[in-house]
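Take a look at the structure set out below.
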Amino acid sequence: MAFDLKRRLAAEFLGTAILVATVVGSGVMADRLSNDVAVSLLGNTIPTGAILIVLISILGPVSGAHFNPAVTIVFAARREIEPPTAALYILSQVAGGLAGMLVAHAMFELDIFQASQTVRTGAGQWLAETVATFGLVFTILAGLRFRGDAIPWLVGLYITAAYWFTASTSFANPAVAIARAFTNTFSGIRPGDLPGFVMAEVLGALLAAAVAGWMLAERNASISPIAVKGAE
């Protein structure tokens, strides 16, 4: 990349901070403006999808716009980022997420330090997080393969949809999940439920990498086009 490591880490910190501030802040605002949970969820969904489009567009050229340890782990597994750099990316993402959470609390004049009491556990929730993260990572990898210019929109639209079709409302991001464990607001998750979410997210990401690695591999150029056509 054209940018040095310090700037890349700063981009990962800033991007994750803004993402979490949006998730938590829009959740607080939505909850204050409506007593209808469905309306509040919609008010949480739209800003999250929108900010992802913005952040990936403006910070993608700097750091690759991971903003997500699960994504960084996949790129490390694919040897597209060195393990020491990946570790620093993840630390920056987690720190950025916590900073964004604290800023959201300050903006809405809430207690700065909190622990969520929202229960999010069980097989259904873990499966939902596996599915949510699988879909996110597969979207990124397929987008990079076929429509790199559309990645910001693909990710933003996927997360917008996944908020509604997954039972967990699609955290799909260990750094975001960690930050949300420390906000007792609409978007929180009880700290004790955090390990199950993180493990499910990493599993979903690795499964997506495996499937994408097989499905999206280059077709063997040695195979005759006529033979391929006959096999279709």
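Naming works like this for the structure tokens: A, B, ... for the chains as they're shown, residue 1 at the start of each chain, ligands 1 onward in shown order.
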
Residues near segment 189-202 of chain A, cut-off 10 Å, only C-alpha atoms, skip fewer than 5 positions along chain, as a PyMOL selection string: chain A and resi 69-71+73-74+115-123+125-134+168+170-184+207-208

Polymer residues at most 10 Å from segment 57-64 of chain A, only C-alpha atoms, same-chain spacing of 5 or more positions, as a ChimeraX atom specification: /A:1-12,14-15,51-52,72,89,149-153

So which residues touch segment 37-46 of chain A within 6 Å, counting only C-alpha atoms, skipping near sequence neighbours fewer than 5 positions away, as a PyMOL selection string? chain A and resi 26-27+30-31+160

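Among the candidates A:Leu102, A:Phe67, A:Ile140, A:Ile53, the residue lying nearest to Leu88 of chain A is A:Phe67 (atoms considered: only C-alpha atoms).
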
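Taking atom CA of Ala50 of chain A and atom CA of Ala162 of chain A as the two end points, the separation is 13.7 Å.
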
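In terms of minimum interatomic distance to Glu218 of chain A, A:Phe146 ranks closest within A:Arg78, A:Phe146, A:Ser92, A:Gly25, counting only C-alpha atoms.
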
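Considering only C-alpha atoms, the residue among A:Tyr163, A:Gly96, A:Thr85, A:Thr185 positioned nearest to Ile112 of chain A is A:Thr185.
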
For Leu216 of chain A, which of A:Gly143, A:Gly156, A:Gly100, A:Pro47 is the closest residue, counting only C-alpha atoms? A:Gly143

Which residues in segment 52-175 of chain A does DSSP call alpha helix (DSSP H)? List them as a VMD selection string. chain A and resid 52 to 63 69 to 77 83 to 107 123 to 146 151 to 165 174 to 175

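Atom pair atom CA of Ile90 of chain A / atom CA of Val155 of chain A: separated by 19.2 Å.
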